[in-house]
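Visitor: The structure's right below; bear with me while I get my questions together.
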Amino acid sequence: MDGPSASPLVGMVRIMRCLGVVLAMTALGGSCYAQSSQDVCDPAPDGRNPCPQTFHRPRQEPLSQMAQIGRMLFYDRALSGSGKLSCASCHDPANHYGPTGNASVFEGGADLHRQGRRAIPTLTYLERMPPFSIGPDLGNDDVAPRVIGVPSTGNQRGSKSATDTASSAAHIVPQGGLFWDGRVDTFQQQAGGPLFDPDEMASTPERVTARLNTAPYRAALLALAGARGEKDPAFLREEALFAIGRYELEDRHFHEYSSRFDAWLEGKARFTPLERQGYLLFNDPQKGNCAACHLDHITRDGLPPLFTDHQYEALGAPRNMAISRNAVASYDDLGVCDAQPDGRKAFAAYCGMFVTPTLRNVATRHVFFHNGVFHTLEAVMDFYAVRDLHPEKFYPRTPDGKIEAYDDIPEQYRSNLDTMDAPFDRKPGEQPALTESERRAIIAFLGTLTDTGAPVSPPVAEKSTGQIGKRQDG
């Protein structure tokens with residue numbers, strides 16, 4: 001085997017996996033230099049990639065006129081109810097279009113003092129997210145299955161592992177869509193969500209229309225919206241949201257694929273010894289097993305990995321009491337099922353599930369899980385490793401001293417929790433799947449997923465709007 005961190009099964013499974021990689025590389029113009037019969041596609045001892053590959057990055061073209069307008073809208077604070085928030089206030093380009101700071105949720109609203117409901121997700125690497133659907137697990141395909149019958153209770157969850165991501169294909173899984181619960185499918189719909197949310201940008205259709213009619217980019221937007229845009233305020237608003245979506249789709253900074261891991265895939269960079277160990281643990285189905293959901297290999301059509309399978313999981317994150325609404329005992333945020341009509345009944349099999357986010361740029365984040373309950377990767381890795389072995393580290397106790405495990409999901413939905421896939425498959429009294437040093441190695445590997453070419457600071461004030469996206473309290 002290749003190092004003490006690899007499990008006895010990994011070598012043989014990787015042989016099969018590597019055969020597929022070699023076939024893919026043949027089509028893509030890559031090459032594979034064999035090390036041995038067992039670890040041919042593992043990182044070499046010196047950290048290089050013995051199987052360098054070629055993949056297709058998005059084409060970099062000048063922004064269309066619609067996308068240029070969308071960029072101006074993205075940084076325009078005057079669209080918000082307070083006049084002090086823009087899209088970039090939450091999705092900071094200096095932090096890979098994710099939140100800046102340690103707050104679990106953003107404070108917005110017309111007075112800037114209303115808490116958001118969930119942690120702010122990144123806007124990067126969403127260009128290949130399929131529409132929301134419920135159907136067979138399609139593994140590494142960026143294609144949505146058809147929606148089929150959903151069991152109301154007792155859905156048998158399929159096990160997945162880093163070396164067999166499609167082993168649950170016979171089971172019906174929710175996948176795709178935007179936001180933590182997949183409730184919309186397009187960038188245009190996504191842009192309108194925070195804009196009109198009273199806890200976020202807190203705007204109204206009337207306010208947006210008024211701004212569009214006075215903004216410096218009005219003439220350019222009307223030129224694209226045409227005669228209907230001049231006569232129909234609702235249509236003009238939709239064109240504005242569409243423009244924001246085009247900006248997010250076209251601008252390369254939303255999908256750089258410029259990390260050291262990407263360079264390693266291409267044979268242009270090397271892992272350090274610690275990063276190499278973390279990569280092996282990330283892919284070991286008996287250790288981290290991270291790649292079971294955070295897919296790290298090039299797709300069959302030659303696209304770079306997104307580090308997500310677009311699917312949804314119930315992980316049992318602790319209730320975050322820093323979110324004020326969680327102090328109300330009757331309040332529950334149940335993710336996918338709450339996004340569907342009559343979801344707690346019709347979609348009960350998926351209550352408590354939230355989307356698996358991309359791990360790209362994860363090392364730059366300070367807020368994790370849908371409720372922002374964790375603020376360091378160390379805390380996240382501890383949760384994965386010892387959630388059920390040492391629940392007292394994460395969950396509160398009742399007045400009689402009993403640990404309230406999985407306290408953020410009602411008991412009737414706890415059968416939806418992942419308790420079968422490593423590292424969640426350990427029972428009290430057993431050793432964790434990952435030691436503390438192994439957790440640190442995985443974190444070191446995650447650091448290789450940070451883009452190097454994304455903006456490092458917000459743009460200067462937009463000449464056309466005189467504004468930037470930072471929240472302004474003055």
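Ordered as shown in the structure tokens, chains take letters A, B, and onward, while each chain numbers its residues from 1 and ligands are numbered from 1 in the order shown.
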Could you write out, as a list in words, all the residues of stretch 245-432 of chain A that DSSP marks as strand (DSSP E)?
Guide: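 Those in stretch 245-432 of chain A that DSSP calls strand (DSSP E) are Tyr312, Glu313, Phe354 and Val355 of chain A.
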Visitor: Store the residues picked out above, limited to N, CA, C and O atoms, as a PDB file, in the first residue's frame.
Guide:
```
ATOM      1  N   TYR A 312     -28.314  15.827  -1.726  1.00  0.00           N
ATOM      2  CA  TYR A 312     -28.711  16.347  -0.422  1.00  0.00           C
ATOM      3  C   TYR A 312     -28.490  15.285   0.652  1.00  0.00           C
ATOM      4  O   TYR A 312     -28.693  14.098   0.423  1.00  0.00           O
ATOM      5  N   GLU A 313     -28.066  15.750   1.818  1.00  0.00           N
ATOM      6  CA  GLU A 313     -27.791  14.842   2.926  1.00  0.00           C
ATOM      7  C   GLU A 313     -28.345  15.433   4.219  1.00  0.00           C
ATOM      8  O   GLU A 313     -28.397  16.659   4.384  1.00  0.00           O
ATOM      9  N   PHE A 354     -30.003  18.920   3.304  1.00  0.00           N
ATOM     10  CA  PHE A 354     -29.536  20.146   2.666  1.00  0.00           C
ATOM     11  C   PHE A 354     -28.484  19.773   1.629  1.00  0.00           C
ATOM     12  O   PHE A 354     -27.846  18.732   1.711  1.00  0.00           O
ATOM     13  N   VAL A 355     -28.300  20.656   0.660  1.00  0.00           N
ATOM     14  CA  VAL A 355     -27.434  20.336  -0.464  1.00  0.00           C
ATOM     15  C   VAL A 355     -25.986  20.159  -0.008  1.00  0.00           C
ATOM     16  O   VAL A 355     -25.530  20.803   0.944  1.00  0.00           O
TER      17      VAL A 355
END
```
Visitor: Give me, as CSV, each residue of stretch 102-134 of chain A that comes within 12 Å of stretch 46-58 of chain A, together with its shortest interatomic pair and the distance in Å at one decimal, counting only C-alpha atoms, with rows ordered by chain and rising residue number.
Guide:
```
residue,atom,partner,partner_atom,distance
A:Tyr125,CA,A:Pro58,CA,11.0
A:Glu127,CA,A:Pro58,CA,9.7
A:Arg128,CA,A:Pro58,CA,10.7
```
Visitor: Kindly provide the residues of stretch 354-412 of chain A that approach stretch 255-270 of chain A to within 12 Å, each paired with its closest atom pair and their distance in Å to one decimal, based on only C-alpha atoms, listed by chain and increasing number, as a tab-separated table.
Guide:
```
residue	atom	partner	partner_atom	distance
A:Thr358	CA	A:His255	CA	11.5
A:Leu359	CA	A:Ser259	CA	11.7
A:Arg360	CA	A:Ser259	CA	8.4
A:Asn361	CA	A:Ser259	CA	8.5
A:Val362	CA	A:Ser259	CA	11.6
A:Ala363	CA	A:Ser259	CA	11.7
```
Visitor: For stretch 383-392 of chain A, list every protein, DNA or RNA residue within 8 Å, evaluated using only C-alpha atoms, and leave out those in the same chain fewer than 4 positions away; present the list as an MDAnalysis selection string.
Guide: chainID A and resid 379 396:397 403 405 423:424 426:430 432:435
Visitor: Between atom CA of A:Gln60 and atom CA of A:Arg246, measure the distance and give it in Å to one decimal.
Guide: 13.7 Å
Visitor: Of the candidates A:Leu449, A:Thr122, A:Arg117, A:Phe307, which one gets nearest to A:Ala94 if we count only C-alpha atoms?
Guide: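 When distances to A:Ala94 are compared using only C-alpha atoms, the smallest one comes from A:Thr122.
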Visitor: Given the choices A:Pro205, A:Gly229, A:Pro130, A:Gly288, which gets closest to A:Leu79 if the distance is worked out from only C-alpha atoms?
Guide: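 Under the stated criterion, the closest residue is A:Pro205.
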Visitor: For a test of reading the model, state the distance in Å between atom CA of A:Tyr350 and atom CA of A:Leu417, rounded to one decimal.
Guide: 9.3 Å
Visitor: Of the candidates A:Met420, A:Leu73, A:Ala348, A:Ala317, which one gets nearest to A:Asp407 if we count only C-alpha atoms?
Guide: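 Between A:Met420, A:Leu73, A:Ala348, A:Ala317, the residue approaching A:Asp407 most closely is A:Ala317.
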